[in-house]
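Asker: Dropping in query.cif, with mmCIF, C-alpha atoms.
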```cif
data_work
#
loop_
_atom_site.label_atom_id
_atom_site.label_comp_id
_atom_site.auth_asym_id
_atom_site.auth_seq_id
_atom_site.Cartn_x
_atom_site.Cartn_y
_atom_site.Cartn_z
CA MET A 1 117.94 148.54 53.45
CA GLU A 2 120.70 151.13 53.88
CA ALA A 3 119.38 152.01 57.35
CA MET A 4 119.82 148.37 58.31
CA LEU A 5 123.40 148.23 56.98
CA VAL A 6 124.51 151.61 58.37
CA PRO A 7 123.68 152.52 62.01
CA PRO A 8 121.76 155.81 62.28
CA TRP A 9 124.42 157.43 64.46
CA LEU A 10 127.33 156.72 62.11
CA GLU A 11 126.62 159.31 59.43
CA SER A 12 126.01 161.83 62.20
CA LEU A 13 129.44 160.99 63.62
CA LEU A 14 131.12 161.39 60.24
CA ALA A 15 129.53 164.82 59.72
CA LYS A 16 130.63 166.26 63.07
CA GLU A 17 133.50 168.67 63.67
CA PHE A 18 135.73 167.83 66.60
CA PHE A 19 138.42 169.49 68.73
CA SER A 20 136.77 172.86 69.18
CA VAL A 21 136.81 174.40 72.69
CA CYS A 22 133.84 173.39 74.85
CA SER A 23 131.75 176.46 75.63
CA ALA A 24 130.70 175.03 79.01
CA HIS A 25 134.26 174.34 80.18
CA LYS A 26 136.38 177.07 78.61
CA ASN A 27 138.79 177.32 81.53
CA ALA A 28 139.28 173.58 82.05
CA PRO A 29 142.54 171.93 80.93
CA ARG A 30 140.85 169.16 78.92
CA ASN A 31 138.16 171.20 77.22
CA GLU A 32 138.45 170.08 73.59
CA CYS A 33 135.33 168.51 72.12
CA ASN A 34 136.59 165.09 71.11
CA MET A 35 133.83 162.86 72.51
CA PHE A 36 130.74 161.53 70.72
CA CYS A 37 127.63 159.88 72.17
CA LEU A 38 126.17 156.98 70.22
CA ASP A 39 122.88 157.28 72.11
CA CYS A 40 122.28 160.99 71.57
CA HIS A 41 124.44 161.48 68.41
CA ASN A 42 124.29 165.25 68.77
CA ASP A 43 127.25 167.65 68.75
CA ALA A 44 130.69 166.69 70.02
CA PHE A 45 131.47 167.40 73.67
CA CYS A 46 134.42 167.43 76.04
CA PHE A 47 135.69 165.06 78.72
CA TYR A 48 133.82 166.88 81.53
CA CYS A 49 130.47 166.75 79.72
CA THR A 50 130.63 162.96 79.71
CA SER A 51 129.92 162.58 83.42
CA THR A 52 127.35 165.38 83.56
CA CYS A 53 125.30 164.97 80.37
CA HIS A 54 126.07 161.48 79.06
CA LYS A 55 126.34 159.31 82.14
CA ASP A 56 125.69 155.62 81.36
CA HIS A 57 125.61 156.39 77.60
CA LEU A 58 127.71 154.74 74.90
CA VAL A 59 130.53 157.22 74.28
CA ILE A 60 133.62 157.01 72.06
CA GLN A 61 136.66 159.28 71.90
CA ILE A 62 137.93 160.79 68.65
CA ARG A 63 141.66 161.35 68.23
CA ARG A 64 143.85 163.22 65.76
CA SER A 65 146.51 162.03 63.35
CA SER A 66 148.08 164.57 60.98
CA TYR A 67 145.06 166.86 61.46
CA HIS A 68 142.61 164.09 60.53
CA ASP A 69 140.09 162.43 62.82
CA VAL A 70 140.68 158.81 63.81
CA VAL A 71 139.16 156.38 66.27
CA ARG A 72 140.80 153.44 67.98
CA VAL A 73 139.86 150.04 66.62
CA ALA A 74 139.47 148.69 70.17
CA GLU A 75 136.66 151.21 70.78
CA ILE A 76 134.76 151.26 67.50
CA GLU A 77 134.79 147.50 66.84
CA LYS A 78 132.47 147.06 69.82
CA PHE A 79 129.72 148.81 67.84
CA LEU A 80 130.59 148.41 64.14
CA ASP A 81 131.73 145.71 61.78
CA ILE A 82 134.86 147.43 60.41
CA ASN A 83 135.70 144.61 58.02
CA GLY A 84 137.16 145.96 54.78
CA VAL A 85 138.48 149.25 56.23
CA GLN A 86 142.23 149.88 56.28
CA THR A 87 143.66 150.21 59.79
CA TYR A 88 146.90 151.87 60.86
CA VAL A 89 149.14 151.71 63.92
CA ILE A 90 149.67 155.21 65.35
CA ASN A 91 151.29 155.81 68.75
CA SER A 92 151.24 152.07 69.49
CA ALA A 93 147.45 151.89 68.96
CA ARG A 94 145.56 150.52 65.96
CA VAL A 95 143.22 153.15 64.52
CA LEU A 96 141.14 153.89 61.43
CA PHE A 97 140.21 157.18 59.78
CA LEU A 98 136.68 158.52 59.96
CA ASN A 99 136.58 160.18 56.55
CA GLU A 100 138.32 160.32 53.20
CA ARG A 101 141.48 162.43 53.25
CA PRO A 102 142.57 164.90 50.54
CA GLN A 103 145.29 163.49 48.34
CA PRO A 104 147.25 164.40 45.20
CA LYS A 105 145.73 163.22 41.94
CA ASN A 106 148.65 160.92 41.21
CA THR A 107 148.43 159.19 44.62
CA GLY A 108 148.07 155.46 44.29
CA LYS A 109 149.72 155.24 40.90
CA GLY A 110 151.42 151.88 40.67
CA SER A 111 149.88 150.62 43.92
CA SER A 112 148.25 147.20 43.87
CA HIS A 113 145.71 148.09 46.60
CA LEU A 114 143.34 151.05 46.18
CA CYS A 115 140.28 152.30 48.02
CA GLU A 116 137.20 151.43 45.95
CA ILE A 117 135.72 154.90 46.48
CA CYS A 118 138.48 157.54 46.55
CA ARG A 119 141.27 155.46 44.95
CA ARG A 120 143.70 156.15 47.79
CA ALA A 121 146.64 153.76 47.91
CA LEU A 122 146.25 151.23 50.72
CA LEU A 123 148.93 149.34 52.59
CA GLU A 124 147.06 146.04 52.56
CA PRO A 125 144.28 144.46 50.46
CA PHE A 126 141.38 146.30 52.10
CA ARG A 127 138.39 147.73 50.25
CA PHE A 128 138.11 151.16 51.90
CA CYS A 129 140.45 153.76 53.38
CA SER A 130 137.96 155.07 55.96
CA LEU A 131 134.56 154.58 57.55
CA GLY A 132 133.16 157.31 55.30
CA CYS A 133 134.26 155.48 52.17
CA LYS A 134 132.67 152.28 53.43
CA VAL A 135 129.38 154.15 53.91
CA VAL A 136 129.55 155.33 50.28
CA GLY A 137 130.41 151.80 49.16
CA ILE A 138 127.41 150.37 51.00
CA LYS A 139 125.06 152.89 49.42
CA LYS A 140 126.57 152.29 46.01
CA ASN A 141 126.85 148.51 45.97
CA GLY A 142 125.07 147.20 49.06
CA ASP A 143 127.55 144.35 49.37
CA SER A 144 128.91 145.29 52.78
CA SER A 145 127.59 146.19 56.21
CA PHE A 146 128.48 147.78 59.54
CA ILE A 147 126.12 145.58 61.52
CA LEU A 148 127.90 143.16 63.83
CA SER A 149 126.83 139.60 63.18
CA MET A 150 126.31 137.08 65.96
CA LYS A 151 129.29 135.15 64.61
CA ASN A 152 131.56 138.19 64.96
CA GLU A 153 130.31 138.87 68.47
CA GLU A 154 130.83 135.24 69.48
CA MET A 155 134.36 135.27 68.05
CA LYS A 156 135.08 138.51 69.89
CA GLU A 157 133.76 137.14 73.19
CA ARG A 158 135.79 133.97 72.67
CA ARG A 159 138.92 136.02 71.95
CA GLU A 160 138.35 138.17 75.03
CA GLY A 161 137.77 135.04 77.12
CA ILE A 162 141.03 133.50 75.91
CA GLN A 163 142.89 136.73 76.62
CA GLY A 164 141.36 136.84 80.09
CA ARG A 165 142.41 133.27 80.83
CA LEU A 166 145.93 133.95 79.58
CA ALA A 167 146.15 137.04 81.77
CA GLN A 168 144.96 134.99 84.77
CA LYS A 169 147.61 132.33 84.08
CA GLU A 170 150.30 134.99 83.81
CA GLU A 171 149.16 136.46 87.12
CA GLU A 172 149.30 133.03 88.75
CA LYS A 173 152.81 132.43 87.38
CA LEU A 174 153.88 135.81 88.67
CA ARG A 175 152.43 135.08 92.10
CA GLU A 176 154.16 131.68 92.20
CA GLY A 177 157.43 133.28 91.13
CA ILE A 178 157.18 135.85 93.91
CA GLN A 179 156.56 133.11 96.47
CA GLN A 180 159.50 131.09 95.19
CA ASP A 181 161.71 134.16 95.37
CA MET A 182 160.60 134.68 98.95
CA TYR A 183 161.54 131.12 99.82
CA ARG A 184 164.87 131.39 98.06
CA SER A 185 165.65 134.69 99.73
CA THR A 186 165.29 133.17 103.18
CA PRO A 187 168.87 132.30 104.23
CA PRO A 188 169.41 128.69 105.37
CA PRO A 189 170.48 128.12 108.96
CA PRO A 190 174.24 128.33 109.40
CA HIS A 191 175.96 124.99 109.02
CA SER A 192 178.24 124.04 111.89
CA ASN A 193 181.66 122.75 110.91
CA SER A 194 182.48 121.55 114.41
CA ARG A 195 182.75 117.83 114.71
CA ARG A 196 181.73 115.90 117.75
CA LYS A 197 184.77 114.75 119.57
CA GLY A 198 185.14 111.03 120.03
CA ILE A 199 185.89 109.28 123.28
CA PRO A 200 189.44 110.15 124.29
CA ARG A 201 191.76 107.22 124.32
CA ARG A 202 194.95 107.02 126.24
CA ALA A 203 198.07 105.85 124.66
CA PRO A 204 198.99 102.34 125.71
CA LEU A 205 201.45 102.19 128.57
CA GLY A 206 204.82 100.83 127.78
CA PRO A 207 206.32 97.81 129.57
#
```
Kindly present the structure from the file in structure tokens form.
Answerer:
Amino acid sequence: MEAMLVPPWLESLLAKEFFSVCSAHKNAPRNECNMFCLDCHNDAFCFYCTSTCHKDHLVIQIRRSSYHDVVRVAEIEKFLDINGVQTYVINSARVLFLNERPQPKNTGKGSSHLCEICRRALLEPFRFCSLGCKVVGIKKNGDSSFILSMKNEEMKERREGIQGRLAQKEEEKLREGIQQDMYRSTPPPPHSNSRRKGIPRRAPLGP
């Protein structure tokens, strides 16, 4: 039952150590091992190994926040149901922590929202502070899951479709605005102030 609720690669991901120097690309500028393959779920690897050893595989990138491993919600929600896990906004991106973080014993005192597993204080009414705590909660209670339901996938596809249509409309508005600016920027032909002279009339001759 647990295997059905927790993908086989997830616990492997949570047990890995990231950000060591890649032995195959020691002299490269981006040689830290911060990538993980969901198909192979072996050791972490660097940016350059992705194209050579994991081409066409499902790969996610691990990032760091205060020396703790995080993953962007936009990446991980494609493969996991992250419902119940506290998310944070770091560097303008929404992320979640992979594992439980060390904390003082008095942390969370007086807080109305606590992680069900490690008792860390949470900002919002979530159940878990990290993916690791959700794994423990699933094994302990079995009342949650990481498996994406068809309903969640349909909602996600619908949301992406709406966002795509909105982006297309914005592009069309931008294109129309550019065309209107082009028309407005074209100077009108100069208007002539000269008036057409009428037929000259002679003054009447006196007697």
Asker: Report as a Markdown table the residues of region 45-113 of chain A within 10 Å of region 129-150 of chain A, each with its shortest atom pair and distance in Å (one decimal), using only C-alpha atoms, ordered by chain and increasing residue number.
Answerer:
```
| residue | atom | partner | partner_atom | distance |
| --- | --- | --- | --- | --- |
| A:Val70 | CA | A:Ser130 | CA | 9.1 |
| A:Glu77 | CA | A:Leu148 | CA | 8.7 |
| A:Lys78 | CA | A:Leu148 | CA | 8.5 |
| A:Phe79 | CA | A:Leu148 | CA | 7.2 |
| A:Leu80 | CA | A:Phe146 | CA | 5.1 |
| A:Asp81 | CA | A:Phe146 | CA | 4.5 |
| A:Ile82 | CA | A:Phe146 | CA | 6.4 |
| A:Asn83 | CA | A:Phe146 | CA | 8.0 |
| A:Gly84 | CA | A:Lys134 | CA | 7.9 |
| A:Val85 | CA | A:Cys129 | CA | 5.7 |
| A:Gln86 | CA | A:Cys129 | CA | 5.2 |
| A:Thr87 | CA | A:Cys129 | CA | 8.0 |
| A:Leu96 | CA | A:Ser130 | CA | 6.4 |
| A:Phe97 | CA | A:Ser130 | CA | 4.9 |
| A:Leu98 | CA | A:Leu131 | CA | 5.1 |
| A:Asn99 | CA | A:Gly132 | CA | 4.6 |
| A:Glu100 | CA | A:Ser130 | CA | 5.9 |
| A:Arg101 | CA | A:Ser130 | CA | 8.6 |
```
Asker: Using the chain letters and residue numbers of this document, give as a compact mmCIF listing (two decimals) with C-alpha atoms, in the coordinates of the input the residues selected by the PyMOL selection byres ((chain A and resi 54-65) around 7).
Answerer:
```
# COMPACT_ATOMS: atom_id res chain seq x y z
CA ASN A 34 136.59 165.09 71.11
CA MET A 35 133.83 162.86 72.51
CA PHE A 36 130.74 161.53 70.72
CA CYS A 37 127.63 159.88 72.17
CA LEU A 38 126.17 156.98 70.22
CA ASP A 39 122.88 157.28 72.11
CA CYS A 49 130.47 166.75 79.72
CA THR A 50 130.63 162.96 79.71
CA SER A 51 129.92 162.58 83.42
CA THR A 52 127.35 165.38 83.56
CA CYS A 53 125.30 164.97 80.37
CA SER A 66 148.08 164.57 60.98
CA TYR A 67 145.06 166.86 61.46
CA HIS A 68 142.61 164.09 60.53
CA ASP A 69 140.09 162.43 62.82
CA VAL A 70 140.68 158.81 63.81
CA VAL A 71 139.16 156.38 66.27
CA GLU A 75 136.66 151.21 70.78
```
Asker: Carefully work through the PyMOL selection byres ((chain A and resi 127) around 6) for this structure and note down the residues it includes, as a PyMOL selection string.
Answerer: chain A and resi 84+115-116+126+128
Asker: Once you have the residues from the selection above, write them out as a PDB file, in the coordinates of the input, restricted to C-alpha atoms.
Answerer:
```pdb
ATOM      1  CA  GLY A  84     137.160 145.960  54.780  1.00  0.00           C
ATOM      2  CA  CYS A 115     140.280 152.300  48.020  1.00  0.00           C
ATOM      3  CA  GLU A 116     137.200 151.430  45.950  1.00  0.00           C
ATOM      4  CA  PHE A 126     141.380 146.300  52.100  1.00  0.00           C
ATOM      5  CA  PHE A 128     138.110 151.160  51.900  1.00  0.00           C
TER       6      PHE A 128
END
```
Asker: Can you measure CA of Ile117 (chain A) to CA of Lys16 (chain A) for me? One decimal in Å is fine.
Answerer: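 Result for CA of Ile117 (chain A) versus CA of Lys16 (chain A): 20.7 Å, one decimal.
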Asker: Kindly resolve the PyMOL selection byres ((chain A and resi 46) around 9) on the present coordinates and return the residues as a PyMOL selection string.
Answerer: chain A and resi 19+21-22+24-25+30-36+44-45+47-50
Asker: Can you work out the spacing between CA of Ser92 (chain A) and CA of Ile76 (chain A) in Å, to one decimal?
Answerer: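 Result for CA of Ser92 (chain A) versus CA of Ile76 (chain A): 16.6 Å, one decimal.
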Asker: CA of Arg72 (chain A) and CA of Phe18 (chain A), how far apart in Å?
Answerer: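 That distance, rounded to one decimal, is 15.3 Å.
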